[in-house]
Amino acid sequence: MKLPPLSAKLLPWYEKNKRPLPWRDTRDPYRIWVSEIMLQQTQVKTVIPYYHRWLDAFPDIKTLAKAPLSKVLKLWEGLGYYRRAKNLHETAKLIVKNYAGRFPSEPEAIYSLSGIGKYTGGAILSIAFGKQAPILDGNVARILSRIFALNDPVDTPKGLKKLWELAALLLPEKNPGDFNQSMMELGATLCLPQEPACLICPVSGFCQARQTGTEQDYPRKSGKTKIKKVRAACAVVRHGDRLLITQRPDNGLWAHLWEFPTFRITDKEDGGDFLKKQLQTAGLKAKSIAHKTSLKRTYTDHSENLEVYACELTSETSATPSSADSPFSGQWVKLHELKRFAFSSAHAKIIREYL
């Protein structure tokens with residue numbers, strides 16, 4: 001396969017047209033690492049203010065390593081995929097312990113760090129250290145699939161292997177970091193999923209999909225996984241002027257975050273009746289239970305309809321559940337104190353809009 005000279009076209013285009021993003025003004029591996037982790041599954045415009053706030057609070061690896069996890073999660077609140085924040089914190093502590101707080105520059109060391117995979121490692125190695133390391137995200141996969149009219153689905157091992165091979169072969173010896181960023185920029189601004197701007201694309205002359213008018217046919221994907229729909233009931237429990245919040249386990253979805261007690265329910269169950277029974281089982285008597293709103297949360301393999309109920313306890317009811325391991329065991333806090341705790345996006349929205 002003859003490889004087109006993409007870098008000769010892309011690098012001048014990138015230098016002239018790149019967006020002035022804050023992480024492009026640095027070769028600091030820490031800052032590049034933070035930006036790449038934040039940009040996973042998250043739009044650029046959403047990330048920018050979080051990036052600035054993060055660096056104001058944690059300007060370097062040592063500061064991040066010393067910070068309590070609660071502060072890290074609070075700063076991350078609203079970005080979602082909270083495991084990313086926990087990995088940043090854990091990895092910072094590891095870098096302080098094993099590398100005296102200096103980000104390692106060798107591939108083996110970088111790829112061994114928690115939360116740093118092939119893509120993130122490639123970005124750090126090429127952009128911060130100028131090393132020959134390819135990257136492959138959704139944008140790059142789309143570009144390569146169209147340029148080479150690749151028929152293997154991009155979400156299969158065979159398709160991914162081919163894409164990584166091409167990404168490595170196309171990488172120039174000089175300025176590999178700028179080339180990688182130019183590919184990401186092209187995918188984010190011109191080679192779009194639905195309406196690619198082929199007329200002004202600097203590499204359209206090399207694009208097989210463009211030449212055959214089949215841009216929308218790429219990238220190929222295997223059959224879509226059916227998304228399962230589930231329901232959950234959320235109890236915003238109030239006792240006088242205090243609200244009950246509980247903390248998620250150390251592992252799993254939303255680890256360490258705080259929330260209002262939430263339960264998975266079946267299609268046939270009434271959320272209010274279910275919560276009333278749960279409260280009674282915990283020895284908590286509700287004066288009233290009223291449906292306030294429903295929020296939809298979407299995940300990789302399922303979507304959840306979160307039904308939110310305001311649960312007012314009677315004044316004579318003890319605020320302490322009958323069992324220490326009750327799902328209603330947590331902390332009673334006043335409304336203004338909630339800002340000290342980190343919540344998932346849905347529960348933060350409940351606080352912001354319904355309390």
# chains A, B, ... in the order shown; residues from 1 in each chain; ligands from 1

call {"tool": "select_by_dssp", "arguments": {"residues": "range 97-280 of chain A", "states": "helix (DSSP H, G or I)", "output": "ChimeraX atom specification"}}
result
/A:97-99,107-111,118-129,138-147,157-170,176-189,198-200,204-206,208-212,215-217,271-280

call {"tool": "closest_atom_pairs", "arguments": {"of": "range 36-79 of chain A", "to": "range 255-279 of chain A", "cutoff": "12 Å", "atoms": "only C-alpha atoms", "output": "tab-separated table"}}
result
residue	atom	partner	partner_atom	distance
A:Pro68	CA	A:His256	CA	11.9
A:Leu69	CA	A:His256	CA	8.6
A:Ser70	CA	A:His256	CA	8.0
A:Lys71	CA	A:Leu257	CA	11.1
A:Val72	CA	A:His256	CA	10.9
A:Leu73	CA	A:Leu257	CA	7.4
A:Lys74	CA	A:Leu257	CA	8.8
A:Leu75	CA	A:Leu257	CA	12.0
A:Trp76	CA	A:Leu257	CA	10.7
A:Glu77	CA	A:Leu257	CA	9.2
A:Gly78	CA	A:Leu257	CA	11.6

call {"tool": "residues_around", "arguments": {"residues": "Ser182 in chain A", "least_positions_apart": "5", "cutoff": "12 Å", "atoms": "only C-alpha atoms", "output": "PDB file with N, CA and C atoms, in the first residue's frame"}}
result
ATOM      1  N   LEU A   6       0.589  12.653   4.037  1.00  0.00           N
ATOM      2  CA  LEU A   6      -0.368  13.454   4.803  1.00  0.00           C
ATOM      3  C   LEU A   6       0.294  14.594   5.564  1.00  0.00           C
ATOM      4  N   SER A   7       1.446  14.317   6.162  1.00  0.00           N
ATOM      5  CA  SER A   7       2.068  15.333   7.020  1.00  0.00           C
ATOM      6  C   SER A   7       2.423  16.595   6.239  1.00  0.00           C
ATOM      7  N   ALA A   8       2.814  16.448   4.977  1.00  0.00           N
ATOM      8  CA  ALA A   8       3.178  17.611   4.171  1.00  0.00           C
ATOM      9  C   ALA A   8       1.999  18.554   3.971  1.00  0.00           C
ATOM     10  N   LYS A   9       0.811  18.008   3.963  1.00  0.00           N
ATOM     11  CA  LYS A   9      -0.400  18.818   3.801  1.00  0.00           C
ATOM     12  C   LYS A   9      -0.986  19.244   5.146  1.00  0.00           C
ATOM     13  N   LEU A  10      -0.956  18.326   6.091  1.00  0.00           N
ATOM     14  CA  LEU A  10      -1.636  18.573   7.365  1.00  0.00           C
ATOM     15  C   LEU A  10      -0.912  19.568   8.263  1.00  0.00           C
ATOM     16  N   LEU A  11       0.409  19.463   8.343  1.00  0.00           N
ATOM     17  CA  LEU A  11       1.133  20.314   9.292  1.00  0.00           C
ATOM     18  C   LEU A  11       1.003  21.809   8.973  1.00  0.00           C
ATOM     19  N   PRO A  12       1.157  22.231   7.709  1.00  0.00           N
ATOM     20  CA  PRO A  12       0.944  23.658   7.416  1.00  0.00           C
ATOM     21  C   PRO A  12      -0.501  24.096   7.682  1.00  0.00           C
ATOM     22  N   TRP A  13      -1.447  23.215   7.340  1.00  0.00           N
ATOM     23  CA  TRP A  13      -2.864  23.531   7.600  1.00  0.00           C
ATOM     24  C   TRP A  13      -3.106  23.689   9.096  1.00  0.00           C
ATOM     25  N   TYR A  14      -2.532  22.791   9.886  1.00  0.00           N
ATOM     26  CA  TYR A  14      -2.725  22.824  11.336  1.00  0.00           C
ATOM     27  C   TYR A  14      -2.134  24.095  11.937  1.00  0.00           C
ATOM     28  N   GLU A  15      -0.946  24.454  11.509  1.00  0.00           N
ATOM     29  CA  GLU A  15      -0.288  25.648  12.041  1.00  0.00           C
ATOM     30  C   GLU A  15      -1.121  26.902  11.771  1.00  0.00           C
ATOM     31  N   LYS A  16      -1.803  26.915  10.659  1.00  0.00           N
ATOM     32  CA  LYS A  16      -2.595  28.086  10.276  1.00  0.00           C
ATOM     33  C   LYS A  16      -3.986  28.091  10.899  1.00  0.00           C
ATOM     34  N   ASN A  17      -4.568  26.901  11.109  1.00  0.00           N
ATOM     35  CA  ASN A  17      -5.985  26.816  11.472  1.00  0.00           C
ATOM     36  C   ASN A  17      -6.285  26.248  12.853  1.00  0.00           C
ATOM     37  N   LYS A  18      -5.290  25.848  13.608  1.00  0.00           N
ATOM     38  CA  LYS A  18      -5.555  25.204  14.897  1.00  0.00           C
ATOM     39  C   LYS A  18      -6.274  26.148  15.856  1.00  0.00           C
ATOM     40  N   ARG A  19      -7.169  25.577  16.623  1.00  0.00           N
ATOM     41  CA  ARG A  19      -7.896  26.356  17.621  1.00  0.00           C
ATOM     42  C   ARG A  19      -6.961  26.704  18.787  1.00  0.00           C
ATOM     43  N   ARG A  24      -2.531  23.526  24.334  1.00  0.00           N
ATOM     44  CA  ARG A  24      -1.617  23.552  23.199  1.00  0.00           C
ATOM     45  C   ARG A  24      -0.469  24.531  23.400  1.00  0.00           C
ATOM     46  N   ALA A 123      -0.269  10.234  23.067  1.00  0.00           N
ATOM     47  CA  ALA A 123      -0.390  11.694  23.064  1.00  0.00           C
ATOM     48  C   ALA A 123       0.693  12.328  23.931  1.00  0.00           C
ATOM     49  N   ILE A 127       3.555  14.510  22.074  1.00  0.00           N
ATOM     50  CA  ILE A 127       3.389  15.955  22.254  1.00  0.00           C
ATOM     51  C   ILE A 127       4.380  16.514  23.274  1.00  0.00           C
ATOM     52  N   ILE A 135      -1.329   7.831  17.756  1.00  0.00           N
ATOM     53  CA  ILE A 135      -2.551   7.915  18.550  1.00  0.00           C
ATOM     54  C   ILE A 135      -3.715   7.443  17.694  1.00  0.00           C
ATOM     55  N   ASN A 139     -11.800  10.438  16.178  1.00  0.00           N
ATOM     56  CA  ASN A 139     -11.532  11.346  15.065  1.00  0.00           C
ATOM     57  C   ASN A 139     -10.519  10.761  14.091  1.00  0.00           C
ATOM     58  N   VAL A 140      -9.422  10.253  14.618  1.00  0.00           N
ATOM     59  CA  VAL A 140      -8.372   9.691  13.771  1.00  0.00           C
ATOM     60  C   VAL A 140      -8.879   8.445  13.053  1.00  0.00           C
ATOM     61  N   ILE A 143     -10.952   9.524  10.061  1.00  0.00           N
ATOM     62  CA  ILE A 143     -10.122  10.042   8.969  1.00  0.00           C
ATOM     63  C   ILE A 143      -9.460   8.905   8.204  1.00  0.00           C
ATOM     64  N   LEU A 171       3.085   8.345  10.703  1.00  0.00           N
ATOM     65  CA  LEU A 171       3.708   9.283  11.639  1.00  0.00           C
ATOM     66  C   LEU A 171       5.058   9.762  11.104  1.00  0.00           C
ATOM     67  N   ASN A 175       8.331  16.319  14.251  1.00  0.00           N
ATOM     68  CA  ASN A 175       7.068  16.863  14.766  1.00  0.00           C
ATOM     69  C   ASN A 175       5.938  15.832  14.866  1.00  0.00           C
ATOM     70  N   PRO A 176       6.202  14.667  15.463  1.00  0.00           N
ATOM     71  CA  PRO A 176       5.122  13.676  15.590  1.00  0.00           C
ATOM     72  C   PRO A 176       3.970  14.181  16.448  1.00  0.00           C
ATOM     73  N   GLY A 177       4.279  15.016  17.444  1.00  0.00           N
ATOM     74  CA  GLY A 177       3.216  15.549  18.296  1.00  0.00           C
ATOM     75  C   GLY A 177       2.287  16.476  17.537  1.00  0.00           C
ATOM     76  N   GLY A 187     -10.229  15.906  12.399  1.00  0.00           N
ATOM     77  CA  GLY A 187     -11.434  15.139  12.703  1.00  0.00           C
ATOM     78  C   GLY A 187     -12.458  15.917  13.499  1.00  0.00           C
ATOM     79  N   ALA A 188     -11.984  16.850  14.317  1.00  0.00           N
ATOM     80  CA  ALA A 188     -12.892  17.627  15.163  1.00  0.00           C
ATOM     81  C   ALA A 188     -13.525  18.800  14.429  1.00  0.00           C
ATOM     82  N   THR A 189     -12.880  19.269  13.352  1.00  0.00           N
ATOM     83  CA  THR A 189     -13.363  20.493  12.701  1.00  0.00           C
ATOM     84  C   THR A 189     -13.828  20.307  11.258  1.00  0.00           C
ATOM     85  N   LEU A 190     -13.218  19.401  10.501  1.00  0.00           N
ATOM     86  CA  LEU A 190     -13.580  19.233   9.086  1.00  0.00           C
ATOM     87  C   LEU A 190     -14.105  17.842   8.755  1.00  0.00           C
ATOM     88  N   CYS A 191     -13.371  16.816   9.131  1.00  0.00           N
ATOM     89  CA  CYS A 191     -13.775  15.441   8.791  1.00  0.00           C
ATOM     90  C   CYS A 191     -14.789  14.940   9.815  1.00  0.00           C
ATOM     91  N   CYS A 201     -10.957  20.508   2.892  1.00  0.00           N
ATOM     92  CA  CYS A 201     -10.072  19.585   3.613  1.00  0.00           C
ATOM     93  C   CYS A 201      -8.709  19.541   2.934  1.00  0.00           C
ATOM     94  N   PRO A 202      -7.623  19.711   3.678  1.00  0.00           N
ATOM     95  CA  PRO A 202      -6.285  19.734   3.074  1.00  0.00           C
ATOM     96  C   PRO A 202      -5.827  18.389   2.518  1.00  0.00           C
ATOM     97  N   VAL A 203      -6.474  17.292   2.918  1.00  0.00           N
ATOM     98  CA  VAL A 203      -6.050  15.972   2.436  1.00  0.00           C
ATOM     99  C   VAL A 203      -7.137  15.284   1.619  1.00  0.00           C
TER     100      VAL A 203
END

call {"tool": "atom_distance", "arguments": {"atom1": "CA of Ala346 in chain A", "atom2": "CA of Arg53 in chain A"}}
result
21.2 Å

call {"tool": "residues_around", "arguments": {"residues": "Ala100 in chain A", "least_positions_apart": "4", "cutoff": "12 Å", "atoms": "only C-alpha atoms", "output": "list in words"}}
result
Ile61, Lys62, Ala65, Ala92, Lys93, Leu94, Ile95, Val96 and Pro104 of chain A

call {"tool": "residues_around", "arguments": {"residues": "Thr91 in chain A", "least_positions_apart": "4", "cutoff": "8 Å", "atoms": "only C-alpha atoms", "output": "list in words"}}
result
Asn87, Ile95, Leu113, Ser114 and Gly115 of chain A

call {"tool": "write_last_selection", "arguments": {"atoms": "C-alpha atoms", "output": "tab-separated table (two decimals), in the first residue's frame"}}
result
chain	number	residue	atom	x	y	z
A	87	ASN	CA	-6.92	7.48	38.35
A	95	ILE	CA	4.70	9.30	40.27
A	113	LEU	CA	0.58	4.08	34.94
A	114	SER	CA	-3.05	3.66	35.98
A	115	GLY	CA	-5.56	5.06	33.49

call {"tool": "atom_distance", "arguments": {"atom1": "CA of Leu163 in chain A", "atom2": "CA of Lys226 in chain A"}}
result
25.7 Å

call {"tool": "closest_residue", "arguments": {"among": "A:Gly138, A:Ile245, A:Lys118, A:Gly213", "to": "Ala348 in chain A", "atoms": "only C-alpha atoms"}}
result
A:Ile245

call {"tool": "closest_atom_pairs", "arguments": {"of": "range 9-85 of chain A", "to": "range 288-305 of chain A", "cutoff": "12 Å", "atoms": "only C-alpha atoms", "output": "JSON lines"}}
result
{"residue": "A:Gln41", "atom": "CA", "partner": "A:Thr300", "partner_atom": "CA", "distance": 11.1}
{"residue": "A:Gly80", "atom": "CA", "partner": "A:Tyr299", "partner_atom": "CA", "distance": 10.8}
{"residue": "A:Tyr81", "atom": "CA", "partner": "A:Tyr299", "partner_atom": "CA", "distance": 10.1}

call {"tool": "write_last_selection", "arguments": {"atoms": "C-alpha atoms", "output": "short mmCIF file (atom, residue, chain, number, x, y, z; two decimals), in the first residue's frame"}}
result
data_model
loop_
_atom_site.label_atom_id
_atom_site.label_comp_id
_atom_site.auth_asym_id
_atom_site.auth_seq_id
_atom_site.Cartn_x
_atom_site.Cartn_y
_atom_site.Cartn_z
CA GLN A 41 -15.81 11.13 26.22
CA GLY A 80 -18.72 12.40 34.54
CA TYR A 81 -16.73 9.16 34.32
#

call {"tool": "residues_around", "arguments": {"residues": "Trp23 in chain A", "least_positions_apart": "4", "cutoff": "8 Å", "atoms": "only C-alpha atoms", "output": "PDB file with C-alpha atoms, in the first residue's frame"}}
result
ATOM      1  CA  ARG A  31      -0.791  19.339  31.743  1.00  0.00           C
ATOM      2  CA  ILE A  32      -1.044  17.301  28.553  1.00  0.00           C
ATOM      3  CA  SER A  35      -6.153  17.515  29.255  1.00  0.00           C
TER       4      SER A  35
END

call {"tool": "residues_around", "arguments": {"residues": "Leu21 in chain A", "least_positions_apart": "5", "cutoff": "12 Å", "atoms": "only C-alpha atoms", "output": "list in words"}}
result
Thr26, Ile32, Ser35, Leu39, Val44, Lys45, Val47, Ile48, Pro49, Tyr51, His52, Gln181 and Glu185 of chain A

call {"tool": "select_by_dssp", "arguments": {"residues": "range 130-248 of chain A", "states": "strand (DSSP E or B)", "output": "PyMOL selection string"}}
result
chain A and resi 228-239+242-247

call {"tool": "write_last_selection", "arguments": {"atoms": "C-alpha atoms", "output": "PDB file, in the first residue's frame"}}
result
ATOM      1  CA  LYS A 228     -31.363  -1.913  27.893  1.00  0.00           C
ATOM      2  CA  LYS A 229     -33.781   0.437  29.670  1.00  0.00           C
ATOM      3  CA  VAL A 230     -33.951   0.399  33.471  1.00  0.00           C
ATOM      4  CA  ARG A 231     -35.701   2.378  36.212  1.00  0.00           C
ATOM      5  CA  ALA A 232     -34.444   3.745  39.513  1.00  0.00           C
ATOM      6  CA  ALA A 233     -36.138   5.507  42.425  1.00  0.00           C
ATOM      7  CA  CYS A 234     -34.248   8.268  44.242  1.00  0.00           C
ATOM      8  CA  ALA A 235     -35.291   9.337  47.751  1.00  0.00           C
ATOM      9  CA  VAL A 236     -34.544  12.935  48.724  1.00  0.00           C
ATOM     10  CA  VAL A 237     -35.167  12.331  52.426  1.00  0.00           C
ATOM     11  CA  ARG A 238     -35.749  15.383  54.594  1.00  0.00           C
ATOM     12  CA  HIS A 239     -35.954  15.435  58.400  1.00  0.00           C
ATOM     13  CA  ARG A 242     -31.609  18.340  57.140  1.00  0.00           C
ATOM     14  CA  LEU A 243     -31.223  16.101  54.101  1.00  0.00           C
ATOM     15  CA  LEU A 244     -29.889  12.546  53.991  1.00  0.00           C
ATOM     16  CA  ILE A 245     -26.969  11.732  51.699  1.00  0.00           C
ATOM     17  CA  THR A 246     -25.093   8.454  51.343  1.00  0.00           C
ATOM     18  CA  GLN A 247     -21.668   7.663  49.908  1.00  0.00           C
TER      19      GLN A 247
END

call {"tool": "closest_residue", "arguments": {"among": "A:Glu106, A:Ala128, A:His89, A:Tyr99", "to": "Thr63 in chain A", "atoms": "only C-alpha atoms"}}
result
A:His89

call {"tool": "atom_distance", "arguments": {"atom1": "CA of Val34 in chain A", "atom2": "CA of Ser105 in chain A"}}
result
15.7 Å

call {"tool": "closest_residue", "arguments": {"among": "A:Ile350, A:Leu3, A:Ala109, A:Ala342", "to": "Tyr82 in chain A", "atoms": "only C-alpha atoms"}}
result
A:Ala342
